[in-house]
>>> print(open('coords-v1.cif').read())   # mmCIF, C-alpha atoms
data_model
loop_
_atom_site.group_PDB
_atom_site.id
_atom_site.type_symbol
_atom_site.label_atom_id
_atom_site.label_comp_id
_atom_site.auth_asym_id
_atom_site.auth_seq_id
_atom_site.Cartn_x
_atom_site.Cartn_y
_atom_site.Cartn_z
ATOM 1 C CA SER X 1180 11.784 -0.834 5.424
ATOM 2 C CA PHE X 1181 15.363 -0.795 6.701
ATOM 3 C CA GLY X 1182 17.395 -2.415 9.413
ATOM 4 C CA VAL X 1183 19.874 -1.853 12.193
ATOM 5 C CA HIS X 1184 22.608 -4.499 12.253
ATOM 6 C CA MET X 1185 24.981 -5.492 15.027
ATOM 7 C CA MET X 1186 27.271 -8.352 16.031
ATOM 8 C CA ILE X 1187 26.663 -10.120 19.351
ATOM 9 C CA SER X 1188 29.767 -11.934 20.545
ATOM 10 C CA SER X 1189 28.091 -14.828 22.377
ATOM 11 C CA PHE X 1190 24.921 -16.923 22.303
ATOM 12 C CA PRO X 1191 22.236 -16.372 24.924
ATOM 13 C CA ASP X 1192 21.943 -19.327 27.302
ATOM 14 C CA GLY X 1193 19.719 -22.051 25.922
ATOM 15 C CA TRP X 1194 19.928 -20.921 22.289
ATOM 16 C CA ALA X 1195 20.970 -23.498 19.700
ATOM 17 C CA SER X 1196 24.100 -22.566 17.784
ATOM 18 C CA ASP X 1197 22.547 -23.599 14.459
ATOM 19 C CA GLY X 1198 19.162 -21.889 14.748
ATOM 20 C CA THR X 1199 17.726 -18.581 13.562
ATOM 21 C CA TYR X 1200 15.553 -16.721 16.052
ATOM 22 C CA VAL X 1201 12.881 -14.045 15.609
ATOM 23 C CA VAL X 1202 12.277 -11.861 18.668
ATOM 24 C CA LYS X 1203 8.965 -10.026 18.450
ATOM 25 C CA PRO X 1204 8.065 -7.402 21.058
ATOM 26 C CA ASP X 1205 4.579 -6.011 21.551
ATOM 27 C CA ASP X 1206 3.077 -4.535 18.346
ATOM 28 C CA LYS X 1207 3.261 -1.013 19.772
ATOM 29 C CA TYR X 1208 7.054 -0.993 19.312
ATOM 30 C CA LYS X 1209 6.820 -1.421 15.506
ATOM 31 C CA PHE X 1210 9.967 -3.515 14.997
ATOM 32 C CA TYR X 1211 11.218 -7.057 15.362
ATOM 33 C CA ILE X 1212 14.626 -8.710 15.701
ATOM 34 C CA ILE X 1213 16.195 -11.500 13.634
ATOM 35 C CA ALA X 1214 19.194 -13.258 15.185
ATOM 36 C CA ALA X 1215 21.222 -15.825 13.246
ATOM 37 C CA PRO X 1216 24.521 -17.598 13.998
ATOM 38 C CA MET X 1217 27.704 -16.495 12.272
ATOM 39 C CA PRO X 1218 30.066 -19.095 10.707
ATOM 40 C CA PRO X 1219 31.972 -21.101 13.349
ATOM 41 C CA HIS X 1220 35.327 -19.470 12.570
ATOM 42 C CA ILE X 1221 33.770 -16.065 13.391
ATOM 43 C CA GLY X 1222 31.356 -17.036 16.136
ATOM 44 C CA GLY X 1223 28.578 -15.100 17.798
ATOM 45 C CA LEU X 1224 25.308 -13.829 16.378
ATOM 46 C CA SER X 1225 24.346 -11.561 13.523
ATOM 47 C CA VAL X 1226 21.446 -9.494 14.840
ATOM 48 C CA SER X 1227 19.192 -7.260 12.740
ATOM 49 C CA ILE X 1228 16.366 -4.993 13.878
ATOM 50 C CA VAL X 1229 13.779 -4.738 11.064
ATOM 51 C CA CYS X 1230 12.242 -1.256 11.091
ATOM 52 C CA TYR X 1231 9.544 0.682 9.219
ATOM 53 C CA ASP X 1232 8.457 4.306 8.827
ATOM 54 C CA GLU X 1233 6.333 3.871 11.954
ATOM 55 C CA THR X 1234 9.459 2.808 13.851
ATOM 56 C CA VAL X 1235 11.192 6.079 12.987
ATOM 57 C CA GLU X 1236 8.159 8.061 14.119
ATOM 58 C CA LEU X 1237 8.555 6.463 17.533
ATOM 59 C CA TYR X 1238 12.377 6.535 17.570
ATOM 60 C CA PRO X 1239 13.727 9.293 15.252
ATOM 61 C CA TRP X 1240 17.307 8.397 16.233
ATOM 62 C CA LEU X 1241 16.938 5.138 14.243
ATOM 63 C CA ALA X 1242 16.364 6.968 10.943
ATOM 64 C CA PRO X 1243 18.930 6.123 8.244
ATOM 65 C CA PRO X 1244 20.684 9.026 6.513
ATOM 66 C CA ASP X 1245 18.761 10.279 3.468
ATOM 67 C CA ASP X 1246 21.880 10.563 1.311
ATOM 68 C CA MET X 1247 24.306 7.784 2.155
ATOM 69 C CA LYS X 1248 27.820 8.187 0.793
ATOM 70 C CA ALA X 1249 30.460 5.569 1.486
ATOM 71 C CA GLU X 1250 33.200 8.111 2.108
ATOM 72 C CA SER X 1251 31.155 9.743 4.873
ATOM 73 C CA TYR X 1252 31.098 6.753 7.202
ATOM 74 C CA GLY X 1253 33.668 4.441 8.736
ATOM 75 C CA LYS X 1254 36.587 3.685 6.435
ATOM 76 C CA GLY X 1255 34.767 3.999 3.123
ATOM 77 C CA GLY X 1256 34.802 0.224 2.573
ATOM 78 C CA TRP X 1257 32.048 -2.004 1.195
ATOM 79 C CA GLU X 1258 30.096 -1.945 4.475
ATOM 80 C CA ASP X 1259 29.889 1.828 4.305
ATOM 81 C CA GLU X 1260 28.057 1.646 0.975
ATOM 82 C CA TYR X 1261 24.898 0.327 2.596
ATOM 83 C CA SER X 1262 25.065 1.252 6.261
ATOM 84 C CA ALA X 1263 26.071 4.121 8.494
ATOM 85 C CA MET X 1264 28.264 3.871 11.550
ATOM 86 C CA PRO X 1265 28.397 6.888 13.884
ATOM 87 C CA ASP X 1266 31.263 9.236 13.082
ATOM 88 C CA ASN X 1267 32.854 9.210 16.514
ATOM 89 C CA GLU X 1268 32.950 7.311 19.780
ATOM 90 C CA GLY X 1269 30.484 9.695 21.399
ATOM 91 C CA ASP X 1270 27.874 9.085 18.710
ATOM 92 C CA ALA X 1271 28.473 5.326 18.899
ATOM 93 C CA SER X 1272 27.973 5.355 22.666
ATOM 94 C CA ASN X 1273 24.828 7.436 22.272
ATOM 95 C CA LEU X 1274 23.341 4.977 19.759
ATOM 96 C CA SER X 1275 24.248 1.965 21.890
ATOM 97 C CA GLU X 1276 22.760 3.614 24.988
ATOM 98 C CA GLN X 1277 19.514 4.344 23.159
ATOM 99 C CA LEU X 1278 19.355 0.770 21.857
ATOM 100 C CA ALA X 1279 20.020 -0.533 25.376
ATOM 101 C CA ALA X 1280 17.140 1.527 26.770
ATOM 102 C CA LEU X 1281 14.832 0.375 23.962
ATOM 103 C CA PHE X 1282 15.747 -3.294 24.414
ATOM 104 C CA GLN X 1283 15.333 -3.075 28.199
ATOM 105 C CA GLU X 1284 11.805 -1.774 27.686
ATOM 106 C CA ALA X 1285 10.669 -3.779 24.650
ATOM 107 C CA VAL X 1286 12.608 -7.069 24.875
ATOM 108 C CA PRO X 1287 14.076 -7.250 28.403
ATOM 109 C CA ALA X 1288 14.757 -11.005 28.297
ATOM 110 C CA PHE X 1289 16.772 -10.620 25.086
ATOM 111 C CA TYR X 1290 18.665 -7.617 26.469
ATOM 112 C CA ASN X 1291 19.572 -9.470 29.662
ATOM 113 C CA ALA X 1292 20.875 -12.405 27.592
ATOM 114 C CA ILE X 1293 23.378 -10.404 25.516
ATOM 115 C CA ILE X 1294 26.502 -8.400 26.258
ATOM 116 C CA ALA X 1295 25.507 -4.725 26.358
ATOM 117 C CA ASP X 1296 28.898 -3.610 25.019
ATOM 118 C CA ASP X 1297 28.123 -5.427 21.737
ATOM 119 C CA LEU X 1298 25.458 -2.810 20.994
ATOM 120 C CA LYS X 1299 28.319 -0.470 20.066
ATOM 121 C CA THR X 1300 28.755 -2.474 16.839
ATOM 122 C CA ALA X 1301 25.346 -1.283 15.603
ATOM 123 C CA ARG X 1302 25.101 0.143 12.088
ATOM 124 C CA ILE X 1303 21.982 1.728 10.606
ATOM 125 C CA ASN X 1304 21.366 0.296 7.125
ATOM 126 C CA ARG X 1305 19.986 2.273 4.220
ATOM 127 C CA ARG X 1306 16.306 2.080 3.331
ATOM 128 C CA VAL X 1307 15.141 -0.459 0.787
ATOM 129 C CA SER X 1308 15.362 1.203 -2.611
ATOM 130 C CA TRP X 1309 13.264 0.345 -5.639
ATOM 131 C CA LEU X 1310 14.620 0.111 -9.152
ATOM 132 C CA ASP X 1311 12.522 1.960 -11.713
ATOM 133 C CA MET X 1312 12.934 -0.149 -14.842
ATOM 134 C CA ALA X 1313 13.539 1.855 -17.996
ATOM 135 C CA LYS X 1314 10.926 1.381 -20.697
ATOM 136 C CA VAL X 1315 12.054 0.511 -24.192
ATOM 137 C CA LYS X 1316 10.236 0.092 -27.479
ATOM 138 C CA ASP X 1317 9.806 -3.378 -28.915
ATOM 139 C CA ALA X 1318 9.008 -4.368 -32.501
ATOM 140 C CA GLY X 1319 5.291 -3.833 -31.867
ATOM 141 C CA ASP X 1320 5.949 -0.325 -30.614
ATOM 142 C CA ASP X 1321 4.413 -1.152 -27.227
ATOM 143 C CA GLU X 1322 6.142 -0.013 -24.073
ATOM 144 C CA VAL X 1323 7.706 -2.926 -22.208
ATOM 145 C CA VAL X 1324 9.994 -3.409 -19.266
ATOM 146 C CA THR X 1325 13.120 -5.529 -19.658
ATOM 147 C CA TYR X 1326 15.815 -6.870 -17.352
ATOM 148 C CA THR X 1327 18.301 -6.983 -20.250
ATOM 149 C CA THR X 1328 20.309 -4.299 -22.025
ATOM 150 C CA SER X 1329 19.281 -3.658 -25.619
ATOM 151 C CA ASP X 1330 22.473 -5.298 -26.975
ATOM 152 C CA GLY X 1331 21.765 -8.522 -25.061
ATOM 153 C CA LEU X 1332 25.119 -8.437 -23.283
ATOM 154 C CA VAL X 1333 23.916 -7.854 -19.713
ATOM 155 C CA THR X 1334 20.863 -9.117 -17.843
ATOM 156 C CA LEU X 1335 19.708 -8.844 -14.250
ATOM 157 C CA LEU X 1336 19.048 -11.642 -11.760
ATOM 158 C CA GLY X 1337 18.170 -11.807 -8.080
ATOM 159 C CA ASP X 1338 17.869 -8.597 -6.065
ATOM 160 C CA ALA X 1339 19.377 -6.620 -8.937
ATOM 161 C CA ALA X 1340 16.221 -7.387 -10.916
ATOM 162 C CA HIS X 1341 13.514 -7.916 -8.320
ATOM 163 C CA ALA X 1342 14.376 -6.902 -4.771
ATOM 164 C CA VAL X 1343 11.882 -7.804 -2.052
ATOM 165 C CA VAL X 1344 11.788 -6.939 1.638
ATOM 166 C CA PRO X 1345 13.355 -9.587 3.931
ATOM 167 C CA SER X 1346 10.104 -10.176 5.833
ATOM 168 C CA MET X 1347 8.537 -11.841 2.767
ATOM 169 C CA GLY X 1348 11.113 -14.626 2.753
ATOM 170 C CA GLU X 1349 11.009 -14.770 -1.058
ATOM 171 C CA GLY X 1350 14.308 -13.197 -2.114
ATOM 172 C CA CYS X 1351 16.284 -16.455 -2.491
ATOM 173 C CA ASN X 1352 13.316 -18.351 -3.942
ATOM 174 C CA THR X 1353 12.696 -15.730 -6.621
ATOM 175 C CA ALA X 1354 16.402 -15.472 -7.474
ATOM 176 C CA LEU X 1355 16.697 -19.251 -7.951
ATOM 177 C CA GLN X 1356 13.569 -19.261 -10.091
ATOM 178 C CA SER X 1357 15.021 -16.513 -12.269
ATOM 179 C CA ALA X 1358 18.245 -18.494 -12.677
ATOM 180 C CA VAL X 1359 16.218 -21.506 -13.859
ATOM 181 C CA LYS X 1360 14.185 -19.305 -16.234
ATOM 182 C CA LEU X 1361 17.385 -17.907 -17.730
ATOM 183 C CA ALA X 1362 18.903 -21.379 -18.151
ATOM 184 C CA ASP X 1363 15.685 -22.573 -19.797
ATOM 185 C CA ALA X 1364 15.787 -19.596 -22.179
ATOM 186 C CA ILE X 1365 19.329 -20.500 -23.252
ATOM 187 C CA LEU X 1366 18.456 -24.177 -23.759
ATOM 188 C CA LEU X 1367 15.341 -23.254 -25.750
ATOM 189 C CA GLU X 1368 17.365 -20.905 -27.950
ATOM 190 C CA MET X 1369 19.811 -23.719 -28.697
ATOM 191 C CA LYS X 1370 16.998 -26.199 -29.388
ATOM 192 C CA ASP X 1371 15.114 -23.836 -31.709
ATOM 193 C CA ASN X 1372 18.286 -23.255 -33.724
ATOM 194 C CA GLU X 1373 19.414 -26.917 -33.619
ATOM 195 C CA MET X 1374 22.686 -25.989 -31.936
ATOM 196 C CA ASP X 1375 25.020 -28.569 -30.377
ATOM 197 C CA SER X 1376 27.045 -25.960 -28.496
ATOM 198 C CA CYS X 1377 26.153 -22.583 -27.113
ATOM 199 C CA THR X 1378 27.404 -19.383 -28.727
ATOM 200 C CA THR X 1379 27.579 -15.830 -27.441
ATOM 201 C CA GLU X 1380 24.875 -14.898 -29.954
ATOM 202 C CA ALA X 1381 22.564 -17.593 -28.559
ATOM 203 C CA ILE X 1382 23.215 -16.371 -25.022
ATOM 204 C CA SER X 1383 22.458 -12.771 -26.002
ATOM 205 C CA ASN X 1384 19.216 -13.801 -27.701
ATOM 206 C CA ALA X 1385 18.250 -15.799 -24.616
ATOM 207 C CA PHE X 1386 19.087 -12.817 -22.378
ATOM 208 C CA LEU X 1387 16.744 -10.634 -24.446
ATOM 209 C CA LYS X 1388 13.865 -13.113 -24.263
ATOM 210 C CA TYR X 1389 14.334 -13.751 -20.563
ATOM 211 C CA GLY X 1390 14.642 -10.024 -19.840
ATOM 212 C CA ALA X 1391 11.421 -9.167 -21.636
ATOM 213 C CA SER X 1392 9.352 -11.913 -19.987
ATOM 214 C CA ARG X 1393 10.607 -12.471 -16.447
ATOM 215 C CA HIS X 1394 9.452 -9.148 -14.996
ATOM 216 C CA LYS X 1395 5.812 -10.031 -15.787
ATOM 217 C CA GLU X 1396 6.091 -13.078 -13.528
ATOM 218 C CA VAL X 1397 7.544 -11.231 -10.537
ATOM 219 C CA ALA X 1398 5.750 -7.880 -10.842
ATOM 220 C CA ALA X 1399 2.976 -8.875 -8.419
ATOM 221 C CA MET X 1400 5.511 -9.937 -5.794
ATOM 222 C CA GLN X 1401 7.424 -6.680 -6.168
ATOM 223 C CA LEU X 1402 4.200 -4.714 -5.663
ATOM 224 C CA MET X 1403 3.448 -6.723 -2.503
ATOM 225 C CA SER X 1404 6.978 -6.084 -1.293
ATOM 226 C CA ALA X 1405 6.732 -2.355 -1.977
ATOM 227 C CA ALA X 1406 3.449 -2.251 -0.046
ATOM 228 C CA ARG X 1407 5.024 -4.021 2.936
ATOM 229 C CA SER X 1408 7.876 -1.520 3.005
ATOM 230 C CA ARG X 1409 5.305 1.240 3.352
ATOM 231 C CA LEU X 1410 3.091 -0.403 5.989
ATOM 232 C CA LYS X 1411 1.937 2.863 7.473
ATOM 233 C CA LYS X 1412 0.710 4.238 4.163
ATOM 234 C CA VAL X 1413 -0.787 1.092 2.641
ATOM 235 C CA TYR X 1414 -1.971 -1.132 5.468
ATOM 236 C CA LYS X 1415 -3.139 -0.559 9.002
ATOM 237 C CA MET X 1416 -1.406 -2.922 11.398
ATOM 238 C CA SER X 1417 -3.965 -4.818 13.497
#
>>> encode(input="coords-v1.cif", output="structure tokens")
Amino acid sequence: SFGVHMMISSFPDGWASDGTYVVKPDDKYKFYIIAAPMPPHIGGLSVSIVCYDETVELYPWLAPPDDMKAESYGKGGWEDEYSAMPDNEGDASNLSEQLAALFQEAVPAFYNAIIADDLKTARINRRVSWLDMAKVKDAGDDEVVTYTTSDGLVTLLGDAAHAVVPSMGEGCNTALQSAVKLADAILLEMKDNEMDSCTTEAISNAFLKYGASRHKEVAAMQLMSAARSRLKKVYKMS
């Protein structure tokens, strides 16, 4: 899956300023919209269109670039590492016009409630990518996956370790659980070695144990997430 993100400068009439909204058109359009308020000092709405392969089949102009390079888009800043903004004003107008036509057809009430000019802020985000974990050999000579480097100095948490598609609503939950698992691993390492204070060696040992075990607990969720990102190939939408 991937998304198209834009900033809407004002709230539609009747919308609460502290609520998140999901706008779902008819299933034939193969996308939905998530709108959430920005911090008060910024104002307005952060709006994302969640898209799939089927969406691109219907609207090829929504396809993200296959090879996204930060220096190729915008100013080469952090935003340009994950999303593409049209190279020139003409392209930006073309994208906004196509979005306007799509919204008028699929979600007319939402389109009529926003400022059409805000569609020019749209950026097409990269596709969800999946990290292929490197396999290493453990003492038993079995192949295992680990979230930790072999020296125990670096380990992965959150999306860096186990990214899931936004529609599952499990990204934050899984990240917090991993943080607790890592903390528990450090405390257990200290307890097993009767340590009053933590050392870098204890942390490294805990990283190694956490890294070798955590992936087994989240593997099923990652497989579900990967399947959802390939809806057309794995599931038939009813």
>>> atom_distance(input="coords-v1.cif", atom1="CA of Ala1292 (chain X)", atom2="CA of Met1217 (chain X)")
17.3 Å
>>> resolve_selection(input="coords-v1.cif", expression="the PyMOL selection byres ((chain X and resi 1336) around 10)", output="ChimeraX atom specification")
/X:1326-1327,1334-1335,1337-1342,1353-1358,1361,1390,1393
>>> atom_distance(input="coords-v1.cif", atom1="CA of Glu1368 (chain X)", atom2="CA of Ile1382 (chain X)")
8.0 Å
>>> atom_distance(input="coords-v1.cif", atom1="CA of Ser1196 (chain X)", atom2="CA of Tyr1211 (chain X)")
20.3 Å
>>> resolve_selection(input="coords-v1.cif", expression="the PyMOL selection byres ((chain X and resi 1208) around 10)", output="CSV table (one decimal) with C-alpha atoms, in the frame of the given file")
chain,number,residue,atom,x,y,z
X,1203,LYS,CA,9.0,-10.0,18.4
X,1204,PRO,CA,8.1,-7.4,21.1
X,1205,ASP,CA,4.6,-6.0,21.6
X,1206,ASP,CA,3.1,-4.5,18.3
X,1207,LYS,CA,3.3,-1.0,19.8
X,1209,LYS,CA,6.8,-1.4,15.5
X,1210,PHE,CA,10.0,-3.5,15.0
X,1211,TYR,CA,11.2,-7.1,15.4
X,1230,CYS,CA,12.2,-1.3,11.1
X,1233,GLU,CA,6.3,3.9,12.0
X,1234,THR,CA,9.5,2.8,13.9
X,1237,LEU,CA,8.6,6.5,17.5
X,1238,TYR,CA,12.4,6.5,17.6
X,1281,LEU,CA,14.8,0.4,24.0
X,1284,GLU,CA,11.8,-1.8,27.7
X,1285,ALA,CA,10.7,-3.8,24.6
X,1286,VAL,CA,12.6,-7.1,24.9
>>> residues_around(input="coords-v1.cif", residues="Leu1367 (chain X)", least_positions_apart="4", cutoff="12 Å", atoms="all atoms listed in the file", output="JSON, numbers by chain")
{"X": [1360, 1361, 1362, 1363, 1371, 1372, 1373, 1374, 1375, 1377, 1381, 1382, 1384, 1385, 1386, 1388, 1389]}
>>> residues_around(input="coords-v1.cif", residues="Gly1331 (chain X)", least_positions_apart="2", cutoff="6 Å", atoms="all atoms listed in the file", output="VMD selection string")
chain X and resid 1328 to 1329 1333 1383 1386 to 1387
>>> resolve_selection(input="coords-v1.cif", expression="the PyMOL selection byres ((chain X and resi 1192) around 12)", output="PDB file with C-alpha atoms, keeping the file's coordinate frame")
ATOM      1  CA  SER X1189      28.091 -14.828  22.377  1.00  0.00           C
ATOM      2  CA  PHE X1190      24.921 -16.923  22.303  1.00  0.00           C
ATOM      3  CA  PRO X1191      22.236 -16.372  24.924  1.00  0.00           C
ATOM      4  CA  GLY X1193      19.719 -22.051  25.922  1.00  0.00           C
ATOM      5  CA  TRP X1194      19.928 -20.921  22.289  1.00  0.00           C
ATOM      6  CA  ALA X1195      20.970 -23.498  19.700  1.00  0.00           C
ATOM      7  CA  SER X1196      24.100 -22.566  17.784  1.00  0.00           C
ATOM      8  CA  ALA X1288      14.757 -11.005  28.297  1.00  0.00           C
ATOM      9  CA  PHE X1289      16.772 -10.620  25.086  1.00  0.00           C
ATOM     10  CA  ASN X1291      19.572  -9.470  29.662  1.00  0.00           C
ATOM     11  CA  ALA X1292      20.875 -12.405  27.592  1.00  0.00           C
ATOM     12  CA  ILE X1293      23.378 -10.404  25.516  1.00  0.00           C
ATOM     13  CA  ILE X1294      26.502  -8.400  26.258  1.00  0.00           C
TER      14      ILE X1294
END
>>> closest_residue(input="coords-v1.cif", among="X:Ala1280, X:Ser1227, X:Ala1406, X:Thr1199", to="Ile1212 (chain X)", atoms="all atoms listed in the file")
X:Ser1227
>>> closest_residue(input="coords-v1.cif", among="X:Gln1283, X:Ser1188, X:Gln1277, X:Ser1346", to="Ser1404 (chain X)", atoms="all atoms listed in the file")
X:Ser1346
>>> residues_around(input="coords-v1.cif", residues="Asp1296 (chain X)", least_positions_apart="3", cutoff="9 Å", atoms="all atoms listed in the file", output="PyMOL selection string")
chain X and resi 1187+1275+1293+1299-1300
>>> closest_residue(input="coords-v1.cif", among="X:Leu1298, X:Ile1303, X:Ile1213, X:Val1201", to="Gly1182 (chain X)", atoms="only C-alpha atoms")
X:Ile1303
>>> closest_residue(input="coords-v1.cif", among="X:Glu1276, X:Leu1241, X:Val1343, X:Ala1301", to="Met1186 (chain X)", atoms="only C-alpha atoms")
X:Ala1301
